[in-house]
Amino acid sequence: MSKSAPQFPAPRSQQRVSVGGRKKVQLKPGRSLMDWIRLTKSGQDMTGLCGRLIVVTEEELAKHNKKTDCWMCIRGMVYNMTPYLEYHPGGEEELMRGAGADGTVLFDQIHSWVNYESMLKECLVGRMASKPKAVAEVFENQSGLKAPKQKLLNGTNVPDRFEKQSKNIPLRYEWFQTEDAITVVIYTKQKDTNSDSIIVDLEGGVLRTEVRQPEYSYFLHLELSHEVQEAISVHCTSRVGKIELNLKKCNNIVWSDLGHPRELHNSYKRRTDQGLFYRKCTLLSKMDVSHDTRLLCFHLPVGCCLTIPIGQHIYLKSNIQDTEVVRPYTPVLPTLYVEPKDDSCTWTCIYLMVKIYPDGLLTPLIDKLQIGDCISVSGPEGNFKLSQLEGITELILLAAGTGFTPMIKLINLALKIPSFRKVQLMFFNKTEKDILWRDQLDQLALKDKRFKVEYILSEPHSEWMGKRGKIEMSLCSEYLTEHAEELKTLVCICGPTSFTEQAVSFCKQLGFNNEEIHVFNG
């Protein structure tokens with residue numbers, strides 16, 4: 001990367017994680033998101049302009065580049081970030097990377113899922129008179145791949161070559177009809193296409209289909225010509241990379257066209273340039289997993305076909321005091337060991353294991369949801385790929401608290417593959433009552449000799465016979481160096497920031513490289 005193009009997060013900043021993931025810093029007391037919401041509702045002048053909106057020149061924007069006077073442009077709108085600096089979960093220094101400049105690219109690289117307009121509406125200074133210089137025209141993402149130069153077009157970041165050369169979109173679709181049905185066929189030209197690759201939402205006569213490929217997504221987005229039944233079926237033929245959407249007509253009439261194109265129709269967009277799309281999901285069941293953790297089952301809308309790939313997370317969204325609050329959660333299984341499903345979009349539920357924080361912003365609301373209540377759920381995001389398991393014969397899983405959630409599907413998958421010779425879980429918690437699904441883990445260890453689990457408690461009672469303490473080099477050395485040399489190992493890590501940082505550091509000291517370590521984000 002060019003020396004003149006700064007990285008985001010900053011290389012030595014508190015927000016950078018050694019191997020993937022997204023970090024937070026320890027904020028001062030009274031600087032939580034709820035405290036920020038209270039401040040924005042207090043009537044205090046957050047811009048210093050007494051409610052006036054102004055047009056900001058590039059020269060004027062550049063003057064406001066200090067912690068005591070920090071303005072930033074995001075998508076053509078200028079915000080006074082000064083009052084928000086101390087409330088930013090990633091730390092003040094990260095926001096200062098975009099001080100006095102266009103921070104759009106920096107923002108999208110880390111926070112594309114955040115509704116900044118809702119969070120910063122009281123800090124709005126005005127709009128730019130012209131497009132300012134971006135902080136970084138070319139940047140490296142966390143996988144080390146260079147993204148193409150971005151430009152502002154009608155307030156949106158768009159990759160140049162796909163906006164101008166839509167005729168070169170590598171996917172195509174066609175549709176057919178019978179007396180009572182419509183069939184839409186999408187040709188992806190990728191033979192590994194499966195149900196994880198496609199998200200379909202049919203609501204109010206609008207069909208939104210996203211076909212996900214490694215870095216880009218193809219969209220089929222139409223307001224259908226005529227009424228169809230809510231239910232939709234999706235079938236993927238992996239060997240030829242074909243996807244079929246089957247819809248039932250409400251009236252047996254002949255359609256002259258499929259529908260009217262919506263804004264995303266027949267487009268091919270870089271995944272990092274997209275905002276999150278949410279659908280309302282209904283709470284079907286809720287049960288206790290521990291004294292402070294719940295297992296919730298949400299039912300997808302009838303017209304939605306969505307599967308969550310292993311190791312990826314979704315976002316839950318709710319409006320709290322007129323502010324949009326979003327939090328990531330990793331979907332789990334209803335039990336630790338379930339039978340495999342066939343490769344079609346037949347899953348209709350999303351299971352989430354959520355720890356309830358009494359002083360939290362979103363989790364108390366989640367805990368109060370009643371059966372039949374709805375909440376907004378995004379599509380999947382995440383940096384884990386199944387290809388990382390190719391050739392792996394040993395999994396070592398380091399999890400702290402609800403960092404156990406991404407391990408659930410991994411354990412389930414690995415034990416279905418004969419080539420996996422060992423799956424070792426090191427599960428860190430405060431007390432014995434905090435251990436999630438302990439009975440199921442113990443039963444699984446008895447059922448399958450390849451699976452081993454070790455519980456480590458930082459605040460055990462005096463009768464505890466297991467391991468004690470927090471993550472430390474001696475523990476990691478004990479478990480990460482006893483594997484046979486012929487085994488090919490992947491170490492997966494998830495937990496609080498301090499836990500993750502120490503685990504990565506210990507693994508590297510023990511000789512594991514970046515390709516052998518995965519940190520779950522979200």
# chains A, B, ... in the order shown; residues from 1 in each chain; ligands from 1
call {"tool": "residues_around", "arguments": {"residues": "Ser474 in chain A", "least_positions_apart": "5", "cutoff": "10 Å", "atoms": "only C-alpha atoms", "output": "list in words"}}
result
Tyr479, Leu480 and Phe506 of chain A
call {"tool": "write_last_selection", "arguments": {"atoms": "N, CA and C atoms", "output": "compact mmCIF listing (two decimals), in the first residue's frame"}}
result
# COMPACT_ATOMS: atom_id res chain seq x y z
N TYR A 479 -2.30 -26.87 25.76
CA TYR A 479 -3.27 -27.43 24.82
C TYR A 479 -2.88 -27.25 23.35
N LEU A 480 -2.08 -26.24 23.07
CA LEU A 480 -1.76 -25.96 21.67
C LEU A 480 -0.47 -26.61 21.21
N PHE A 506 -0.56 -15.28 22.23
CA PHE A 506 -0.03 -16.55 22.71
C PHE A 506 0.12 -17.56 21.57
call {"tool": "closest_atom_pairs", "arguments": {"of": "range 235-350 of chain A", "to": "range 38-43 of chain A", "cutoff": "10 Å", "atoms": "only C-alpha atoms", "output": "CSV"}}
result
residue,atom,partner,partner_atom,distance
A:Gln321,CA,A:Arg38,CA,8.8
A:Asp322,CA,A:Lys41,CA,9.5
A:Thr323,CA,A:Thr40,CA,9.8
call {"tool": "write_last_selection", "arguments": {"atoms": "N, CA, C and O atoms", "output": "short mmCIF file (atom, residue, chain, number, x, y, z; two decimals), in the first residue's frame"}}
result
data_model
loop_
_atom_site.label_atom_id
_atom_site.label_comp_id
_atom_site.auth_asym_id
_atom_site.auth_seq_id
_atom_site.Cartn_x
_atom_site.Cartn_y
_atom_site.Cartn_z
N GLN A 321 -35.56 5.38 21.84
CA GLN A 321 -35.59 6.84 22.03
C GLN A 321 -35.23 7.56 20.72
O GLN A 321 -34.39 8.46 20.70
N ASP A 322 -35.86 7.12 19.63
CA ASP A 322 -35.68 7.73 18.30
C ASP A 322 -34.27 7.56 17.73
O ASP A 322 -33.89 8.24 16.78
N THR A 323 -33.50 6.66 18.32
CA THR A 323 -32.17 6.38 17.81
C THR A 323 -32.09 4.91 17.40
O THR A 323 -32.53 4.03 18.13
#
call {"tool": "select_by_dssp", "arguments": {"residues": "range 305-424 of chain A", "states": "strand (DSSP E or B)", "output": "PyMOL selection string"}}
result
chain A and resi 305+313-320+323-329+331-332+349-355+374-378+381+394-400+422-424
call {"tool": "write_last_selection", "arguments": {"atoms": "C-alpha atoms", "output": "mmCIF file, in the first residue's frame"}}
result
data_model
loop_
_atom_site.group_PDB
_atom_site.id
_atom_site.type_symbol
_atom_site.label_atom_id
_atom_site.label_comp_id
_atom_site.auth_asym_id
_atom_site.auth_seq_id
_atom_site.Cartn_x
_atom_site.Cartn_y
_atom_site.Cartn_z
ATOM 1 C CA CYS A 305 -35.394 -17.525 2.046
ATOM 2 C CA HIS A 313 -23.361 -13.182 12.170
ATOM 3 C CA ILE A 314 -26.481 -11.093 11.708
ATOM 4 C CA TYR A 315 -27.510 -7.740 13.165
ATOM 5 C CA LEU A 316 -30.591 -6.990 15.238
ATOM 6 C CA LYS A 317 -31.969 -3.477 14.953
ATOM 7 C CA SER A 318 -34.414 -1.499 17.034
ATOM 8 C CA ASN A 319 -35.297 2.153 17.570
ATOM 9 C CA ILE A 320 -34.676 3.259 21.135
ATOM 10 C CA THR A 323 -32.166 6.378 17.809
ATOM 11 C CA GLU A 324 -31.453 3.309 15.702
ATOM 12 C CA VAL A 325 -29.517 0.766 17.772
ATOM 13 C CA VAL A 326 -27.823 -2.165 16.031
ATOM 14 C CA ARG A 327 -25.983 -5.114 17.581
ATOM 15 C CA PRO A 328 -24.339 -8.223 16.038
ATOM 16 C CA TYR A 329 -25.216 -11.780 17.098
ATOM 17 C CA PRO A 331 -26.846 -17.567 15.007
ATOM 18 C CA VAL A 332 -26.586 -20.951 16.685
ATOM 19 C CA CYS A 349 -35.882 -20.006 11.768
ATOM 20 C CA ILE A 350 -32.887 -18.227 13.227
ATOM 21 C CA TYR A 351 -31.696 -19.230 16.706
ATOM 22 C CA LEU A 352 -29.778 -16.697 18.787
ATOM 23 C CA MET A 353 -28.062 -17.162 22.143
ATOM 24 C CA VAL A 354 -28.134 -13.733 23.799
ATOM 25 C CA LYS A 355 -26.613 -12.669 27.109
ATOM 26 C CA CYS A 374 -41.090 -8.767 15.912
ATOM 27 C CA ILE A 375 -37.579 -7.395 15.545
ATOM 28 C CA SER A 376 -35.543 -6.372 12.499
ATOM 29 C CA VAL A 377 -32.923 -8.901 11.375
ATOM 30 C CA SER A 378 -30.231 -8.306 8.752
ATOM 31 C CA GLU A 381 -22.035 -10.777 7.497
ATOM 32 C CA GLU A 394 -7.646 -30.502 14.059
ATOM 33 C CA LEU A 395 -9.736 -27.624 15.404
ATOM 34 C CA ILE A 396 -8.716 -25.803 18.573
ATOM 35 C CA LEU A 397 -11.450 -23.462 19.783
ATOM 36 C CA LEU A 398 -10.763 -20.735 22.357
ATOM 37 C CA ALA A 399 -14.022 -19.193 23.577
ATOM 38 C CA ALA A 400 -14.907 -16.845 26.426
ATOM 39 C CA LYS A 422 -9.646 -33.796 16.932
ATOM 40 C CA VAL A 423 -11.873 -30.921 18.057
ATOM 41 C CA GLN A 424 -10.719 -29.253 21.281
#
call {"tool": "select_by_dssp", "arguments": {"residues": "range 88-121 of chain A", "states": "alpha helix (DSSP H)", "output": "JSON list (two decimals) with N, CA and C atoms, in the first residue's frame"}}
result
[["chain", "number", "residue", "atom", "x", "y", "z"],
["A", 92, "GLU", "N", -11.08, 7.71, 20.32],
["A", 92, "GLU", "CA", -11.00, 9.03, 19.69],
["A", 92, "GLU", "C", -10.08, 9.04, 18.48],
["A", 93, "GLU", "N", -8.95, 8.34, 18.59],
["A", 93, "GLU", "CA", -7.95, 8.42, 17.52],
["A", 93, "GLU", "C", -8.49, 7.91, 16.19],
["A", 94, "GLU", "N", -9.43, 6.96, 16.24],
["A", 94, "GLU", "CA", -9.97, 6.44, 14.98],
["A", 94, "GLU", "C", -10.82, 7.50, 14.28],
["A", 95, "LEU", "N", -11.62, 8.21, 15.03],
["A", 95, "LEU", "CA", -12.42, 9.27, 14.43],
["A", 95, "LEU", "C", -11.53, 10.39, 13.89],
["A", 96, "MET", "N", -10.43, 10.64, 14.58],
["A", 96, "MET", "CA", -9.53, 11.71, 14.14],
["A", 96, "MET", "C", -8.86, 11.39, 12.81],
["A", 104, "THR", "N", -15.77, 9.08, 4.37],
["A", 104, "THR", "CA", -16.72, 8.08, 3.88],
["A", 104, "THR", "C", -16.08, 6.71, 3.72],
["A", 105, "VAL", "N", -14.94, 6.64, 3.05],
["A", 105, "VAL", "CA", -14.29, 5.35, 2.81],
["A", 105, "VAL", "C", -13.86, 4.72, 4.13],
["A", 106, "LEU", "N", -13.32, 5.53, 5.03],
["A", 106, "LEU", "CA", -12.90, 5.02, 6.33],
["A", 106, "LEU", "C", -14.09, 4.50, 7.12],
["A", 107, "PHE", "N", -15.19, 5.22, 7.07],
["A", 107, "PHE", "CA", -16.40, 4.82, 7.77],
["A", 107, "PHE", "C", -16.91, 3.49, 7.23],
["A", 108, "ASP", "N", -16.99, 3.37, 5.90],
["A", 108, "ASP", "CA", -17.54, 2.16, 5.29],
["A", 108, "ASP", "C", -16.67, 0.95, 5.55],
["A", 109, "GLN", "N", -15.39, 1.17, 5.73],
["A", 109, "GLN", "CA", -14.48, 0.05, 5.93],
["A", 109, "GLN", "C", -14.74, -0.66, 7.25],
["A", 110, "ILE", "N", -15.18, 0.08, 8.27],
["A", 110, "ILE", "CA", -15.39, -0.49, 9.59],
["A", 110, "ILE", "C", -16.85, -0.48, 10.02],
["A", 111, "HIS", "N", -17.58, 0.58, 9.70],
["A", 111, "HIS", "CA", -18.91, 0.80, 10.28],
["A", 111, "HIS", "C", -20.03, 0.87, 9.24],
["A", 116, "TYR", "N", -25.38, 6.10, 10.78],
["A", 116, "TYR", "CA", -24.75, 7.31, 11.32],
["A", 116, "TYR", "C", -25.70, 8.49, 11.27],
["A", 117, "GLU", "N", -26.62, 8.50, 10.30],
["A", 117, "GLU", "CA", -27.55, 9.63, 10.20],
["A", 117, "GLU", "C", -28.42, 9.74, 11.45],
["A", 118, "SER", "N", -28.80, 8.58, 12.01],
["A", 118, "SER", "CA", -29.59, 8.58, 13.24],
["A", 118, "SER", "C", -28.72, 8.93, 14.44],
["A", 119, "MET", "N", -27.52, 8.37, 14.48],
["A", 119, "MET", "CA", -26.62, 8.60, 15.62],
["A", 119, "MET", "C", -26.15, 10.04, 15.71]]
call {"tool": "closest_atom_pairs", "arguments": {"of": "range 211-242 of chain A", "to": "range 179-196 of chain A", "cutoff": "10 Å", "atoms": "only C-alpha atoms", "output": "tab-separated table"}}
result
residue	atom	partner	partner_atom	distance
A:Val211	CA	A:Thr188	CA	8.2
A:Arg212	CA	A:Asp196	CA	8.2
A:Gln213	CA	A:Thr193	CA	8.4
A:Tyr218	CA	A:Thr188	CA	9.0
A:Leu220	CA	A:Ile186	CA	9.0
A:Val228	CA	A:Ala181	CA	8.6
A:Gln229	CA	A:Ala181	CA	9.8
A:Ser233	CA	A:Thr183	CA	9.8
A:Val234	CA	A:Ser195	CA	8.2
A:His235	CA	A:Ser195	CA	7.7
A:Cys236	CA	A:Asn194	CA	5.6
A:Thr237	CA	A:Asn194	CA	7.3
A:Ser238	CA	A:Lys191	CA	5.1
A:Arg239	CA	A:Lys191	CA	5.0
A:Val240	CA	A:Lys191	CA	5.3
A:Gly241	CA	A:Lys191	CA	4.4
A:Lys242	CA	A:Tyr187	CA	4.8
call {"tool": "write_last_selection", "arguments": {"atoms": "N, CA and C atoms", "output": "PDB file, in the first residue's frame"}}
result
ATOM      1  N   VAL A 211     -27.718 -12.471  -4.880  1.00  0.00           N
ATOM      2  CA  VAL A 211     -26.845 -13.624  -5.077  1.00  0.00           C
ATOM      3  C   VAL A 211     -25.445 -13.204  -4.667  1.00  0.00           C
ATOM      4  N   ARG A 212     -24.932 -13.824  -3.618  1.00  0.00           N
ATOM      5  CA  ARG A 212     -23.648 -13.413  -3.054  1.00  0.00           C
ATOM      6  C   ARG A 212     -22.501 -14.221  -3.646  1.00  0.00           C
ATOM      7  N   GLN A 213     -21.497 -13.507  -4.117  1.00  0.00           N
ATOM      8  CA  GLN A 213     -20.267 -14.098  -4.597  1.00  0.00           C
ATOM      9  C   GLN A 213     -19.132 -13.559  -3.734  1.00  0.00           C
ATOM     10  N   TYR A 218     -24.967  -9.833  -6.781  1.00  0.00           N
ATOM     11  CA  TYR A 218     -25.855  -9.538  -7.904  1.00  0.00           C
ATOM     12  C   TYR A 218     -27.264  -9.397  -7.352  1.00  0.00           C
ATOM     13  N   LEU A 220     -31.447  -8.919  -8.182  1.00  0.00           N
ATOM     14  CA  LEU A 220     -32.647  -8.919  -9.013  1.00  0.00           C
ATOM     15  C   LEU A 220     -33.728  -8.282  -8.146  1.00  0.00           C
ATOM     16  N   VAL A 228     -48.747 -12.357  -6.375  1.00  0.00           N
ATOM     17  CA  VAL A 228     -48.344 -13.748  -6.181  1.00  0.00           C
ATOM     18  C   VAL A 228     -48.554 -14.123  -4.721  1.00  0.00           C
ATOM     19  N   GLN A 229     -48.554 -15.423  -4.453  1.00  0.00           N
ATOM     20  CA  GLN A 229     -48.662 -15.876  -3.077  1.00  0.00           C
ATOM     21  C   GLN A 229     -47.380 -15.526  -2.318  1.00  0.00           C
ATOM     22  N   SER A 233     -40.330 -20.633  -3.200  1.00  0.00           N
ATOM     23  CA  SER A 233     -39.356 -21.716  -3.038  1.00  0.00           C
ATOM     24  C   SER A 233     -38.133 -21.429  -3.891  1.00  0.00           C
ATOM     25  N   VAL A 234     -36.979 -21.855  -3.375  1.00  0.00           N
ATOM     26  CA  VAL A 234     -35.707 -21.600  -4.040  1.00  0.00           C
ATOM     27  C   VAL A 234     -34.947 -22.915  -4.152  1.00  0.00           C
ATOM     28  N   HIS A 235     -34.402 -23.174  -5.338  1.00  0.00           N
ATOM     29  CA  HIS A 235     -33.619 -24.388  -5.546  1.00  0.00           C
ATOM     30  C   HIS A 235     -32.309 -24.012  -6.240  1.00  0.00           C
ATOM     31  N   CYS A 236     -31.212 -24.557  -5.714  1.00  0.00           N
ATOM     32  CA  CYS A 236     -29.889 -24.304  -6.293  1.00  0.00           C
ATOM     33  C   CYS A 236     -29.349 -25.593  -6.916  1.00  0.00           C
ATOM     34  N   THR A 237     -28.859 -25.483  -8.126  1.00  0.00           N
ATOM     35  CA  THR A 237     -28.209 -26.608  -8.788  1.00  0.00           C
ATOM     36  C   THR A 237     -26.725 -26.293  -8.863  1.00  0.00           C
ATOM     37  N   SER A 238     -25.978 -26.799  -7.892  1.00  0.00           N
ATOM     38  CA  SER A 238     -24.573 -26.402  -7.735  1.00  0.00           C
ATOM     39  C   SER A 238     -23.717 -26.777  -8.931  1.00  0.00           C
ATOM     40  N   ARG A 239     -24.000 -27.923  -9.534  1.00  0.00           N
ATOM     41  CA  ARG A 239     -23.108 -28.403 -10.597  1.00  0.00           C
ATOM     42  C   ARG A 239     -23.088 -27.505 -11.819  1.00  0.00           C
ATOM     43  N   VAL A 240     -24.139 -26.698 -11.993  1.00  0.00           N
ATOM     44  CA  VAL A 240     -24.166 -25.770 -13.127  1.00  0.00           C
ATOM     45  C   VAL A 240     -24.300 -24.319 -12.684  1.00  0.00           C
ATOM     46  N   GLY A 241     -24.361 -24.072 -11.368  1.00  0.00           N
ATOM     47  CA  GLY A 241     -24.454 -22.709 -10.868  1.00  0.00           C
ATOM     48  C   GLY A 241     -25.766 -22.034 -11.193  1.00  0.00           C
ATOM     49  N   LYS A 242     -26.865 -22.805 -11.130  1.00  0.00           N
ATOM     50  CA  LYS A 242     -28.177 -22.256 -11.494  1.00  0.00           C
ATOM     51  C   LYS A 242     -29.060 -22.145 -10.255  1.00  0.00           C
TER      52      LYS A 242
END
call {"tool": "residues_around", "arguments": {"residues": "Leu224 in chain A", "least_positions_apart": "5", "cutoff": "12 Å", "atoms": "only C-alpha atoms", "output": "PyMOL selection string"}}
result
chain A and resi 182+184+202-208+229+247+249+255-262
call {"tool": "residues_around", "arguments": {"residues": "Ile435 in chain A", "least_positions_apart": "6", "cutoff": "12 Å", "atoms": "only C-alpha atoms", "output": "VMD selection string"}}
result
chain A and resid 289 to 293 355 399 to 405 426 to 429 441 to 442 453 to 458 460
call {"tool": "write_last_selection", "arguments": {"atoms": "N, CA and C atoms", "output": "mmCIF file, in the first residue's frame"}}
result
data_model
loop_
_atom_site.group_PDB
_atom_site.id
_atom_site.type_symbol
_atom_site.label_atom_id
_atom_site.label_comp_id
_atom_site.auth_asym_id
_atom_site.auth_seq_id
_atom_site.Cartn_x
_atom_site.Cartn_y
_atom_site.Cartn_z
ATOM 1 N N VAL A 289 -30.900 -20.415 28.957
ATOM 2 C CA VAL A 289 -29.720 -21.262 28.805
ATOM 3 C C VAL A 289 -28.904 -21.223 30.098
ATOM 4 N N SER A 290 -28.865 -20.047 30.721
ATOM 5 C CA SER A 290 -28.215 -19.877 32.022
ATOM 6 C C SER A 290 -28.974 -18.785 32.765
ATOM 7 N N HIS A 291 -28.411 -18.348 33.882
ATOM 8 C CA HIS A 291 -29.101 -17.338 34.698
ATOM 9 C C HIS A 291 -29.252 -16.011 33.965
ATOM 10 N N ASP A 292 -28.392 -15.732 32.956
ATOM 11 C CA ASP A 292 -28.468 -14.441 32.265
ATOM 12 C C ASP A 292 -28.422 -14.557 30.741
ATOM 13 N N THR A 293 -28.615 -15.757 30.221
ATOM 14 C CA THR A 293 -28.514 -15.971 28.775
ATOM 15 C C THR A 293 -29.749 -16.709 28.273
ATOM 16 N N LYS A 355 -26.825 -12.998 25.699
ATOM 17 C CA LYS A 355 -26.613 -12.669 27.109
ATOM 18 C C LYS A 355 -27.285 -11.342 27.410
ATOM 19 N N ALA A 399 -12.801 -19.988 23.457
ATOM 20 C CA ALA A 399 -14.022 -19.193 23.577
ATOM 21 C C ALA A 399 -14.179 -18.678 24.998
ATOM 22 N N ALA A 400 -14.628 -17.440 25.119
ATOM 23 C CA ALA A 400 -14.907 -16.845 26.426
ATOM 24 C C ALA A 400 -16.356 -16.371 26.442
ATOM 25 N N GLY A 401 -17.131 -16.842 27.413
ATOM 26 C CA GLY A 401 -18.521 -16.418 27.535
ATOM 27 C C GLY A 401 -19.332 -16.736 26.292
ATOM 28 N N THR A 402 -20.075 -15.721 25.801
ATOM 29 C CA THR A 402 -20.886 -15.937 24.600
ATOM 30 C C THR A 402 -20.037 -15.962 23.336
ATOM 31 N N GLY A 403 -18.716 -15.851 23.472
ATOM 32 C CA GLY A 403 -17.831 -16.140 22.351
ATOM 33 C C GLY A 403 -17.919 -17.603 21.945
ATOM 34 N N PHE A 404 -18.654 -18.378 22.717
ATOM 35 C CA PHE A 404 -18.943 -19.777 22.398
ATOM 36 C C PHE A 404 -19.871 -19.908 21.190
ATOM 37 N N THR A 405 -20.684 -18.880 20.914
ATOM 38 C CA THR A 405 -21.745 -19.031 19.904
ATOM 39 C C THR A 405 -21.237 -19.381 18.503
ATOM 40 N N MET A 426 -11.580 -24.972 24.487
ATOM 41 C CA MET A 426 -11.183 -24.378 25.762
ATOM 42 C C MET A 426 -12.193 -23.271 26.055
ATOM 43 N N PHE A 427 -13.027 -23.500 27.070
ATOM 44 C CA PHE A 427 -14.176 -22.641 27.333
ATOM 45 C C PHE A 427 -13.940 -21.866 28.631
ATOM 46 N N PHE A 428 -13.734 -20.551 28.501
ATOM 47 C CA PHE A 428 -13.421 -19.675 29.629
ATOM 48 C C PHE A 428 -14.685 -18.970 30.126
ATOM 49 N N ASN A 429 -14.920 -19.023 31.441
ATOM 50 C CA ASN A 429 -16.056 -18.341 32.057
ATOM 51 C C ASN A 429 -15.660 -17.850 33.444
ATOM 52 N N LEU A 441 -22.352 -30.263 26.068
ATOM 53 C CA LEU A 441 -20.933 -30.404 25.755
ATOM 54 C C LEU A 441 -20.370 -31.686 26.365
ATOM 55 N N ASP A 442 -20.735 -31.967 27.614
ATOM 56 C CA ASP A 442 -20.254 -33.180 28.276
ATOM 57 C C ASP A 442 -20.785 -34.425 27.580
ATOM 58 N N VAL A 453 -13.484 -31.119 25.756
ATOM 59 C CA VAL A 453 -13.797 -29.784 26.257
ATOM 60 C C VAL A 453 -13.132 -29.595 27.616
ATOM 61 N N GLU A 454 -12.565 -28.419 27.802
ATOM 62 C CA GLU A 454 -11.940 -28.047 29.082
ATOM 63 C C GLU A 454 -12.556 -26.729 29.541
ATOM 64 N N TYR A 455 -13.060 -26.715 30.779
ATOM 65 C CA TYR A 455 -13.655 -25.511 31.341
ATOM 66 C C TYR A 455 -12.630 -24.812 32.226
ATOM 67 N N ILE A 456 -12.460 -23.514 32.016
ATOM 68 C CA ILE A 456 -11.527 -22.718 32.829
ATOM 69 C C ILE A 456 -12.320 -21.583 33.463
ATOM 70 N N LEU A 457 -12.301 -21.507 34.789
ATOM 71 C CA LEU A 457 -13.087 -20.510 35.512
ATOM 72 C C LEU A 457 -12.175 -19.494 36.199
ATOM 73 N N SER A 458 -12.529 -18.229 36.077
ATOM 74 C CA SER A 458 -11.736 -17.170 36.715
ATOM 75 C C SER A 458 -12.182 -16.889 38.143
ATOM 76 N N PRO A 460 -14.004 -19.381 40.404
ATOM 77 C CA PRO A 460 -14.679 -20.626 40.791
ATOM 78 C C PRO A 460 -14.952 -20.686 42.293
#
call {"tool": "atom_distance", "arguments": {"atom1": "CA of Leu33 in chain A", "atom2": "CA of Asn80 in chain A"}}
result
17.3 Å
